[in-house]
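Novice: So here's structure.cif, just mmCIF, C-alpha atoms:
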data_final
loop_
_atom_site.group_PDB
_atom_site.id
_atom_site.type_symbol
_atom_site.label_atom_id
_atom_site.label_comp_id
_atom_site.auth_asym_id
_atom_site.auth_seq_id
_atom_site.Cartn_x
_atom_site.Cartn_y
_atom_site.Cartn_z
ATOM 1 C CA MET Y 1455 11.491 11.484 -17.445
ATOM 2 C CA GLY Y 1456 11.050 7.730 -17.778
ATOM 3 C CA ARG Y 1457 10.689 6.028 -21.099
ATOM 4 C CA VAL Y 1458 7.238 5.360 -22.410
ATOM 5 C CA SER Y 1459 6.558 1.646 -22.585
ATOM 6 C CA THR Y 1460 5.228 0.464 -25.894
ATOM 7 C CA PRO Y 1461 3.269 -2.755 -25.575
ATOM 8 C CA ASP Y 1462 2.579 -4.383 -28.906
ATOM 9 C CA LEU Y 1463 -1.067 -3.470 -29.432
ATOM 10 C CA ARG Y 1464 -0.970 -4.134 -33.182
ATOM 11 C CA PRO Y 1465 -3.628 -6.467 -34.562
ATOM 12 C CA ALA Y 1466 -3.968 -6.780 -38.317
ATOM 13 C CA GLY Y 1467 -6.122 -4.133 -40.002
ATOM 14 C CA PRO Y 1468 -8.489 -1.466 -38.665
ATOM 15 C CA SER Y 1469 -11.051 -2.364 -36.036
ATOM 16 C CA THR Y 1470 -14.702 -1.588 -36.424
ATOM 17 C CA ALA Y 1471 -15.731 -2.525 -32.882
ATOM 18 C CA GLY Y 1472 -18.554 -0.361 -31.613
ATOM 19 C CA ALA Y 1473 -19.670 0.539 -35.150
ATOM 20 C CA SER Y 1474 -23.389 0.220 -34.371
ATOM 21 C CA ALA Y 1475 -24.237 3.915 -34.833
ATOM 22 C CA PRO Y 1476 -26.182 4.955 -37.936
ATOM 23 C CA PRO Y 1477 -23.995 5.392 -41.011
ATOM 24 C CA SER Y 1478 -23.002 8.883 -42.035
ATOM 25 C CA ASP Y 1479 -22.685 10.256 -45.564
ATOM 26 C CA LEU Y 1480 -19.437 11.907 -44.543
ATOM 27 C CA PRO Y 1481 -16.122 10.116 -44.965
ATOM 28 C CA PRO Y 1482 -14.409 8.950 -41.783
ATOM 29 C CA LEU Y 1483 -12.719 11.717 -39.827
ATOM 30 C CA ARG Y 1484 -8.972 11.011 -39.929
ATOM 31 C CA THR Y 1485 -7.225 11.593 -36.629
ATOM 32 C CA VAL Y 1486 -4.022 10.605 -34.862
ATOM 33 C CA GLY Y 1487 -3.671 9.460 -31.253
ATOM 34 C CA TRP Y 1488 -0.594 9.058 -29.065
ATOM 35 C CA VAL Y 1489 -0.276 5.616 -27.481
ATOM 36 C CA ASN Y 1490 1.542 6.491 -24.255
ATOM 37 C CA VAL Y 1491 1.438 3.629 -21.743
ATOM 38 C CA ARG Y 1492 3.138 3.666 -18.349
ATOM 39 C CA ASP Y 1493 2.790 1.000 -15.695
ATOM 40 C CA GLY Y 1494 -0.103 -0.586 -17.591
ATOM 41 C CA ARG Y 1495 -2.019 2.707 -17.859
ATOM 42 C CA LEU Y 1496 -2.895 4.678 -21.002
ATOM 43 C CA LEU Y 1497 -2.582 8.459 -21.045
ATOM 44 C CA ALA Y 1498 -5.899 10.123 -21.901
ATOM 45 C CA VAL Y 1499 -7.097 13.731 -21.911
ATOM 46 C CA ARG Y 1500 -10.406 15.486 -21.340
ATOM 47 C CA THR Y 1501 -11.063 18.716 -23.179
ATOM 48 C CA THR Y 1502 -12.842 21.610 -21.545
ATOM 49 C CA GLY Y 1503 -16.607 21.077 -21.526
ATOM 50 C CA LYS Y 1504 -16.447 17.374 -22.456
ATOM 51 C CA ASP Y 1505 -17.446 14.409 -20.308
ATOM 52 C CA ARG Y 1506 -15.174 11.772 -21.881
ATOM 53 C CA PHE Y 1507 -11.454 11.177 -21.983
ATOM 54 C CA PHE Y 1508 -9.835 10.905 -25.409
ATOM 55 C CA MET Y 1509 -6.411 9.839 -26.580
ATOM 56 C CA PRO Y 1510 -4.114 12.838 -26.908
ATOM 57 C CA GLY Y 1511 -3.885 13.869 -30.542
ATOM 58 C CA GLY Y 1512 -6.352 15.236 -33.034
ATOM 59 C CA LYS Y 1513 -7.291 15.898 -36.622
ATOM 60 C CA VAL Y 1514 -4.791 15.639 -39.441
ATOM 61 C CA GLU Y 1515 -4.786 18.956 -41.303
ATOM 62 C CA PRO Y 1516 -4.703 19.057 -45.137
ATOM 63 C CA GLY Y 1517 -1.158 18.524 -46.413
ATOM 64 C CA GLU Y 1518 0.044 17.268 -43.029
ATOM 65 C CA THR Y 1519 1.530 13.822 -42.404
ATOM 66 C CA ASP Y 1520 0.426 11.693 -39.463
ATOM 67 C CA THR Y 1521 3.791 12.341 -37.817
ATOM 68 C CA GLU Y 1522 3.513 16.109 -38.263
ATOM 69 C CA ALA Y 1523 -0.039 16.094 -36.905
ATOM 70 C CA LEU Y 1524 0.905 14.001 -33.871
ATOM 71 C CA VAL Y 1525 3.942 16.137 -33.003
ATOM 72 C CA ARG Y 1526 1.901 19.359 -33.386
ATOM 73 C CA GLU Y 1527 -1.141 18.153 -31.452
ATOM 74 C CA ILE Y 1528 0.817 16.696 -28.521
ATOM 75 C CA HIS Y 1529 2.839 19.877 -28.137
ATOM 76 C CA GLU Y 1530 -0.335 22.011 -28.261
ATOM 77 C CA GLU Y 1531 -2.310 19.809 -25.864
ATOM 78 C CA LEU Y 1532 0.322 18.632 -23.383
ATOM 79 C CA GLY Y 1533 3.434 20.761 -23.884
ATOM 80 C CA VAL Y 1534 5.446 17.632 -24.777
ATOM 81 C CA ARG Y 1535 7.811 17.746 -27.726
ATOM 82 C CA LEU Y 1536 7.840 14.377 -29.443
ATOM 83 C CA ASP Y 1537 10.842 13.137 -31.392
ATOM 84 C CA PRO Y 1538 9.542 12.749 -34.976
ATOM 85 C CA GLU Y 1539 12.195 10.087 -35.623
ATOM 86 C CA THR Y 1540 10.539 7.788 -33.045
ATOM 87 C CA VAL Y 1541 6.975 7.996 -34.367
ATOM 88 C CA ARG Y 1542 5.786 4.575 -35.522
ATOM 89 C CA PRO Y 1543 2.384 3.015 -36.170
ATOM 90 C CA ALA Y 1544 0.574 0.979 -33.546
ATOM 91 C CA PHE Y 1545 -2.841 0.268 -35.131
ATOM 92 C CA VAL Y 1546 -5.976 1.943 -36.470
ATOM 93 C CA ALA Y 1547 -9.102 2.255 -34.322
ATOM 94 C CA GLU Y 1548 -12.298 2.978 -36.216
ATOM 95 C CA ALA Y 1549 -15.598 3.671 -34.483
ATOM 96 C CA PRO Y 1550 -18.458 6.187 -34.372
ATOM 97 C CA GLY Y 1551 -17.183 9.494 -33.028
ATOM 98 C CA HIS Y 1552 -18.491 10.713 -29.689
ATOM 99 C CA GLY Y 1553 -20.898 13.578 -30.338
ATOM 100 C CA LEU Y 1554 -20.389 13.468 -34.122
ATOM 101 C CA GLY Y 1555 -23.886 12.318 -35.121
ATOM 102 C CA GLY Y 1556 -22.772 8.886 -36.276
ATOM 103 C CA ARG Y 1557 -19.725 10.046 -38.251
ATOM 104 C CA VAL Y 1558 -16.951 7.498 -38.004
ATOM 105 C CA VAL Y 1559 -13.548 8.418 -36.608
ATOM 106 C CA ARG Y 1560 -10.543 6.625 -38.069
ATOM 107 C CA MET Y 1561 -7.819 7.140 -35.472
ATOM 108 C CA HIS Y 1562 -4.295 6.218 -36.485
ATOM 109 C CA CYS Y 1563 -2.712 5.307 -33.165
ATOM 110 C CA LEU Y 1564 1.009 5.982 -33.011
ATOM 111 C CA TYR Y 1565 3.862 5.373 -30.612
ATOM 112 C CA ALA Y 1566 6.415 8.138 -30.068
ATOM 113 C CA GLU Y 1567 9.088 9.098 -27.568
ATOM 114 C CA PRO Y 1568 9.470 12.597 -26.127
ATOM 115 C CA LEU Y 1569 12.605 14.521 -27.007
ATOM 116 C CA PRO Y 1570 15.219 14.567 -24.234
ATOM 117 C CA GLY Y 1571 14.431 17.347 -21.773
ATOM 118 C CA SER Y 1572 10.783 17.572 -22.802
ATOM 119 C CA PRO Y 1573 8.467 18.214 -19.831
ATOM 120 C CA GLU Y 1574 6.054 15.683 -18.394
ATOM 121 C CA PRO Y 1575 2.580 15.836 -19.985
ATOM 122 C CA ALA Y 1576 0.416 18.575 -18.472
ATOM 123 C CA PRO Y 1577 -2.948 20.060 -19.493
ATOM 124 C CA ASN Y 1578 -2.470 22.877 -22.009
ATOM 125 C CA ALA Y 1579 -4.671 24.810 -24.470
ATOM 126 C CA GLU Y 1580 -8.154 23.214 -24.533
ATOM 127 C CA ILE Y 1581 -7.169 20.324 -22.257
ATOM 128 C CA ALA Y 1582 -8.861 20.488 -18.846
ATOM 129 C CA GLU Y 1583 -7.530 17.271 -17.347
ATOM 130 C CA LEU Y 1584 -5.355 14.260 -18.006
ATOM 131 C CA ALA Y 1585 -5.664 10.766 -16.591
ATOM 132 C CA TRP Y 1586 -3.839 7.449 -16.747
ATOM 133 C CA LEU Y 1587 -6.560 4.911 -17.548
ATOM 134 C CA THR Y 1588 -6.747 1.150 -17.284
ATOM 135 C CA PRO Y 1589 -8.999 -1.233 -19.206
ATOM 136 C CA ALA Y 1590 -11.464 -0.940 -16.288
ATOM 137 C CA ASP Y 1591 -12.060 2.709 -17.299
ATOM 138 C CA ALA Y 1592 -13.816 1.876 -20.595
ATOM 139 C CA ASP Y 1593 -16.937 3.769 -19.471
ATOM 140 C CA ARG Y 1594 -14.883 7.000 -19.364
ATOM 141 C CA VAL Y 1595 -13.865 6.985 -23.046
ATOM 142 C CA PRO Y 1596 -15.649 7.119 -26.440
ATOM 143 C CA PRO Y 1597 -15.905 4.048 -28.707
ATOM 144 C CA ALA Y 1598 -12.459 4.448 -30.329
ATOM 145 C CA GLY Y 1599 -10.910 4.770 -26.862
ATOM 146 C CA ARG Y 1600 -12.607 1.535 -25.829
ATOM 147 C CA ILE Y 1601 -10.880 -0.219 -28.723
ATOM 148 C CA VAL Y 1602 -7.525 1.018 -27.464
ATOM 149 C CA LEU Y 1603 -8.259 -0.015 -23.864
ATOM 150 C CA GLU Y 1604 -9.439 -3.457 -25.029
ATOM 151 C CA ARG Y 1605 -6.161 -3.964 -26.865
ATOM 152 C CA LEU Y 1606 -4.259 -2.820 -23.807
ATOM 153 C CA ALA Y 1607 -6.206 -5.353 -21.708
ATOM 154 C CA ASP Y 1608 -5.314 -8.118 -24.163
ATOM 155 C CA VAL Y 1609 -1.622 -7.223 -23.925
ATOM 156 C CA LEU Y 1610 -1.667 -7.000 -20.130
ATOM 157 C CA SER Y 1611 -3.393 -10.357 -19.760
ATOM 158 C CA ALA Y 1612 -1.055 -12.162 -22.165
#
Now, as a test, write the supplied structure out as structure tokens.
Specialist:
Amino acid sequence: MGRVSTPDLRPAGPSTAGASAPPSDLPPLRTVGWVNVRDGRLLAVRTTGKDRFFMPGGKVEPGETDTEALVREIHEELGVRLDPETVRPAFVAEAPGHGLGGRVVRMHCLYAEPLPGSPEPAPNAEIAELAWLTPADADRVPPAGRIVLERLADVLSA
């Protein structure tokens, strides 16, 4: 398996792009997302019954670190075992969650390398499909995903 490229997508501070939805009384939903870029394309997944592609990852459970959540979620969703020693922050994307009634999602985007011998990503559990998206695919992702694709576009055009 080839190495995952890790373009520097790190701007300073969280982004609030796309934050035009009505405010919610609930605190932001804390999630983690795997920044996995190959050949200028970002890995994204679509869960069963959904119409949008999301970054692989998910909610951070109580008492769980971002690294633990990322490693657990990626193994559950894609069958890939990430090396916890390689997990490092990329940036935070904050935007209204798709289908969450205006609740904001605060996605901590992280880079990580698969463990040697780990399989290629494949749909598993609730994942129906995976895709390698480019910045031109912004209409296929929710607001937080658009932030990630915009940052990818900035890196690719630099």
Novice: Between Y:Ala1498, Y:Val1489, Y:Ala1523, Y:Val1541, which has the minimum distance to Leu1569 (chain Y) (counting only C-alpha atoms)?
Specialist: Y:Val1541
Novice: Report as a compact mmCIF listing (two decimals) with C-alpha atoms, in the coordinates of the input the full result of the PyMOL selection byres ((chain Y and resi 1485) around 9) when it is applied to this structure.
Specialist:
# COMPACT_ATOMS: atom_id res chain seq x y z
CA LEU Y 1483 -12.72 11.72 -39.83
CA ARG Y 1484 -8.97 11.01 -39.93
CA VAL Y 1486 -4.02 10.60 -34.86
CA GLY Y 1487 -3.67 9.46 -31.25
CA GLY Y 1511 -3.88 13.87 -30.54
CA GLY Y 1512 -6.35 15.24 -33.03
CA LYS Y 1513 -7.29 15.90 -36.62
CA VAL Y 1514 -4.79 15.64 -39.44
CA ASP Y 1520 0.43 11.69 -39.46
CA ALA Y 1523 -0.04 16.09 -36.90
CA LEU Y 1524 0.90 14.00 -33.87
CA VAL Y 1559 -13.55 8.42 -36.61
CA ARG Y 1560 -10.54 6.62 -38.07
CA MET Y 1561 -7.82 7.14 -35.47
CA HIS Y 1562 -4.30 6.22 -36.48
CA CYS Y 1563 -2.71 5.31 -33.16
Novice: Which neighbours of region 1578-1583 of chain Y fall inside 10 Å, counting only C-alpha atoms, when residues of the same chain fewer than 3 positions from it are skipped, and could you give them as a list in words?
Specialist: Ala1498, Val1499, Arg1500, Thr1501, Thr1502, Gly1503, Lys1504, Phe1507, Pro1510, Ile1528, His1529, Glu1530, Glu1531, Leu1532, Gly1533, Val1534 and Pro1575 of chain Y
Novice: Could you jot down the CA of Gly1553 (chain Y) to CA of Leu1584 (chain Y) separation for me, Å, one decimal place?
Specialist: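 Taking CA of Gly1553 (chain Y) and CA of Leu1584 (chain Y), their separation equals 19.9 Å.
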Novice: Name the residues captured by the PyMOL selection byres ((chain Y and resi 1536) around 10) when it is applied to the shown file; answer as a PyMOL selection string.
Specialist: chain Y and resi 1488+1521-1522+1524-1529+1533-1535+1537-1541+1565-1570+1572
Novice: Using only C-alpha atoms for the distances, tell me which of Y:Pro1481, Y:Pro1573, Y:Gly1551, Y:Gly1494 is nearest to Pro1589 (chain Y).
Specialist: Y:Gly1494
Novice: Determine the residue membership of the PyMOL selection byres ((chain Y and resi 1594) around 9) for the file above and supply it as a PyMOL selection string.
Specialist: chain Y and resi 1505-1508+1587+1591-1593+1595-1596+1599-1600
Novice: Keeping just N, CA, C and O atoms, export region 1480-1516 of chain Y of this structure as a JSON list (two decimals), in the first residue's frame.
Specialist:
[["chain", "number", "residue", "atom", "x", "y", "z"],
["Y", 1480, "LEU", "N", -27.49, 23.62, 21.48],
["Y", 1480, "LEU", "CA", -26.58, 22.53, 21.83],
["Y", 1480, "LEU", "C", -25.14, 22.92, 21.56],
["Y", 1480, "LEU", "O", -24.86, 23.67, 20.63],
["Y", 1481, "PRO", "N", -24.21, 22.39, 22.36],
["Y", 1481, "PRO", "CA", -22.80, 22.68, 22.07],
["Y", 1481, "PRO", "C", -22.40, 22.01, 20.77],
["Y", 1481, "PRO", "O", -23.06, 21.06, 20.31],
["Y", 1482, "PRO", "N", -21.32, 22.47, 20.16],
["Y", 1482, "PRO", "CA", -20.87, 21.81, 18.92],
["Y", 1482, "PRO", "C", -20.63, 20.32, 19.15],
["Y", 1482, "PRO", "O", -20.18, 19.91, 20.21],
["Y", 1483, "LEU", "N", -20.96, 19.54, 18.14],
["Y", 1483, "LEU", "CA", -20.72, 18.11, 18.16],
["Y", 1483, "LEU", "C", -19.26, 17.87, 17.80],
["Y", 1483, "LEU", "O", -18.82, 18.25, 16.72],
["Y", 1484, "ARG", "N", -18.49, 17.28, 18.72],
["Y", 1484, "ARG", "CA", -17.07, 17.06, 18.50],
["Y", 1484, "ARG", "C", -16.86, 15.76, 17.73],
["Y", 1484, "ARG", "O", -17.31, 14.70, 18.16],
["Y", 1485, "THR", "N", -16.21, 15.87, 16.60],
["Y", 1485, "THR", "CA", -15.91, 14.69, 15.79],
["Y", 1485, "THR", "C", -14.45, 14.72, 15.35],
["Y", 1485, "THR", "O", -13.76, 15.72, 15.51],
["Y", 1486, "VAL", "N", -14.01, 13.59, 14.81],
["Y", 1486, "VAL", "CA", -12.69, 13.49, 14.21],
["Y", 1486, "VAL", "C", -12.86, 13.03, 12.77],
["Y", 1486, "VAL", "O", -13.81, 12.32, 12.45],
["Y", 1487, "GLY", "N", -11.96, 13.47, 11.89],
["Y", 1487, "GLY", "CA", -11.98, 13.07, 10.49],
["Y", 1487, "GLY", "C", -10.58, 12.77, 10.02],
["Y", 1487, "GLY", "O", -9.62, 13.46, 10.39],
["Y", 1488, "TRP", "N", -10.45, 11.72, 9.21],
["Y", 1488, "TRP", "CA", -9.16, 11.30, 8.69],
["Y", 1488, "TRP", "C", -8.86, 12.03, 7.39],
["Y", 1488, "TRP", "O", -9.58, 11.88, 6.40],
["Y", 1489, "VAL", "N", -7.80, 12.81, 7.36],
["Y", 1489, "VAL", "CA", -7.35, 13.48, 6.15],
["Y", 1489, "VAL", "C", -6.44, 12.49, 5.42],
["Y", 1489, "VAL", "O", -5.29, 12.29, 5.79],
["Y", 1490, "ASN", "N", -6.98, 11.87, 4.39],
["Y", 1490, "ASN", "CA", -6.26, 10.86, 3.61],
["Y", 1490, "ASN", "C", -6.32, 11.33, 2.16],
["Y", 1490, "ASN", "O", -7.36, 11.23, 1.52],
["Y", 1491, "VAL", "N", -5.21, 11.87, 1.68],
["Y", 1491, "VAL", "CA", -5.14, 12.44, 0.33],
["Y", 1491, "VAL", "C", -4.16, 11.63, -0.50],
["Y", 1491, "VAL", "O", -3.03, 11.38, -0.08],
["Y", 1492, "ARG", "N", -4.62, 11.22, -1.67],
["Y", 1492, "ARG", "CA", -3.77, 10.51, -2.64],
["Y", 1492, "ARG", "C", -3.98, 11.14, -4.01],
["Y", 1492, "ARG", "O", -5.12, 11.33, -4.43],
["Y", 1493, "ASP", "N", -2.89, 11.43, -4.66],
["Y", 1493, "ASP", "CA", -2.96, 11.99, -6.02],
["Y", 1493, "ASP", "C", -3.90, 13.18, -6.10],
["Y", 1493, "ASP", "O", -4.67, 13.31, -7.06],
["Y", 1494, "GLY", "N", -3.89, 14.04, -5.08],
["Y", 1494, "GLY", "CA", -4.72, 15.23, -5.09],
["Y", 1494, "GLY", "C", -6.19, 14.98, -4.82],
["Y", 1494, "GLY", "O", -7.02, 15.85, -5.04],
["Y", 1495, "ARG", "N", -6.53, 13.79, -4.32],
["Y", 1495, "ARG", "CA", -7.93, 13.44, -4.04],
["Y", 1495, "ARG", "C", -8.07, 13.07, -2.56],
["Y", 1495, "ARG", "O", -7.22, 12.39, -2.01],
["Y", 1496, "LEU", "N", -9.19, 13.49, -1.97],
["Y", 1496, "LEU", "CA", -9.49, 13.25, -0.56],
["Y", 1496, "LEU", "C", -10.43, 12.06, -0.43],
["Y", 1496, "LEU", "O", -11.47, 12.00, -1.10],
["Y", 1497, "LEU", "N", -10.07, 11.12, 0.44],
["Y", 1497, "LEU", "CA", -10.95, 9.99, 0.71],
["Y", 1497, "LEU", "C", -12.19, 10.46, 1.46],
["Y", 1497, "LEU", "O", -12.09, 11.19, 2.45],
["Y", 1498, "ALA", "N", -13.35, 10.05, 0.98],
["Y", 1498, "ALA", "CA", -14.63, 10.37, 1.63],
["Y", 1498, "ALA", "C", -15.50, 9.12, 1.61],
["Y", 1498, "ALA", "O", -15.30, 8.22, 0.78],
["Y", 1499, "VAL", "N", -16.46, 9.07, 2.52],
["Y", 1499, "VAL", "CA", -17.35, 7.91, 2.63],
["Y", 1499, "VAL", "C", -18.80, 8.38, 2.66],
["Y", 1499, "VAL", "O", -19.11, 9.48, 3.09],
["Y", 1500, "ARG", "N", -19.67, 7.49, 2.17],
["Y", 1500, "ARG", "CA", -21.11, 7.74, 2.24],
["Y", 1500, "ARG", "C", -21.72, 6.61, 3.04],
["Y", 1500, "ARG", "O", -21.51, 5.44, 2.76],
["Y", 1501, "THR", "N", -22.46, 6.99, 4.09],
["Y", 1501, "THR", "CA", -23.11, 5.97, 4.90],
["Y", 1501, "THR", "C", -24.42, 5.55, 4.26],
["Y", 1501, "THR", "O", -25.03, 6.29, 3.49],
["Y", 1502, "THR", "N", -24.85, 4.35, 4.60],
["Y", 1502, "THR", "CA", -26.09, 3.81, 4.06],
["Y", 1502, "THR", "C", -27.24, 4.76, 4.33],
["Y", 1502, "THR", "O", -27.40, 5.25, 5.45],
["Y", 1503, "GLY", "N", -28.01, 5.07, 3.28],
["Y", 1503, "GLY", "CA", -29.18, 5.92, 3.41],
["Y", 1503, "GLY", "C", -28.90, 7.41, 3.35],
["Y", 1503, "GLY", "O", -29.82, 8.21, 3.44],
["Y", 1504, "LYS", "N", -27.65, 7.81, 3.21],
["Y", 1504, "LYS", "CA", -27.30, 9.24, 3.14],
["Y", 1504, "LYS", "C", -27.00, 9.63, 1.70],
["Y", 1504, "LYS", "O", -26.65, 8.80, 0.87],
["Y", 1505, "ASP", "N", -27.13, 10.93, 1.42],
["Y", 1505, "ASP", "CA", -26.90, 11.42, 0.06],
["Y", 1505, "ASP", "C", -25.60, 12.21, -0.07],
["Y", 1505, "ASP", "O", -25.27, 12.67, -1.16],
["Y", 1506, "ARG", "N", -24.86, 12.37, 1.01],
["Y", 1506, "ARG", "CA", -23.61, 13.12, 0.99],
["Y", 1506, "ARG", "C", -22.44, 12.24, 1.40],
["Y", 1506, "ARG", "O", -22.61, 11.26, 2.11],
["Y", 1507, "PHE", "N", -21.27, 12.66, 0.95],
["Y", 1507, "PHE", "CA", -20.03, 12.00, 1.36],
["Y", 1507, "PHE", "C", -19.43, 12.78, 2.51],
["Y", 1507, "PHE", "O", -19.41, 14.01, 2.50],
["Y", 1508, "PHE", "N", -18.94, 12.07, 3.50],
["Y", 1508, "PHE", "CA", -18.34, 12.65, 4.69],
["Y", 1508, "PHE", "C", -16.90, 12.18, 4.80],
["Y", 1508, "PHE", "O", -16.53, 11.16, 4.22],
["Y", 1509, "MET", "N", -16.11, 12.89, 5.59],
["Y", 1509, "MET", "CA", -14.77, 12.41, 5.88],
["Y", 1509, "MET", "C", -14.90, 11.17, 6.75],
["Y", 1509, "MET", "O", -15.75, 11.13, 7.64],
["Y", 1510, "PRO", "N", -14.06, 10.17, 6.53],
["Y", 1510, "PRO", "CA", -14.10, 9.00, 7.42],
["Y", 1510, "PRO", "C", -13.74, 9.44, 8.84],
["Y", 1510, "PRO", "O", -12.85, 10.25, 9.04],
["Y", 1511, "GLY", "N", -14.45, 8.92, 9.79],
["Y", 1511, "GLY", "CA", -14.23, 9.27, 11.19],
["Y", 1511, "GLY", "C", -15.56, 9.26, 11.90],
["Y", 1511, "GLY", "O", -16.48, 8.55, 11.49],
["Y", 1512, "GLY", "N", -15.69, 10.04, 12.95],
["Y", 1512, "GLY", "CA", -16.95, 10.07, 13.66],
["Y", 1512, "GLY", "C", -16.85, 10.76, 14.99],
["Y", 1512, "GLY", "O", -15.90, 11.49, 15.28],
["Y", 1513, "LYS", "N", -17.84, 10.50, 15.83],
["Y", 1513, "LYS", "CA", -17.95, 11.14, 17.13],
["Y", 1513, "LYS", "C", -16.88, 10.63, 18.09],
["Y", 1513, "LYS", "O", -16.55, 9.44, 18.08],
["Y", 1514, "VAL", "N", -16.43, 11.54, 18.93],
["Y", 1514, "VAL", "CA", -15.51, 11.19, 20.01],
["Y", 1514, "VAL", "C", -16.37, 10.79, 21.21],
["Y", 1514, "VAL", "O", -17.22, 11.57, 21.65],
["Y", 1515, "GLU", "N", -16.18, 9.57, 21.68],
["Y", 1515, "GLU", "CA", -16.96, 9.06, 22.81],
["Y", 1515, "GLU", "C", -16.42, 9.63, 24.12],
["Y", 1515, "GLU", "O", -15.23, 9.98, 24.20],
["Y", 1516, "PRO", "N", -17.26, 9.73, 25.16],
["Y", 1516, "PRO", "CA", -16.79, 10.23, 26.46],
["Y", 1516, "PRO", "C", -15.57, 9.43, 26.95],
["Y", 1516, "PRO", "O", -15.55, 8.20, 26.88]]
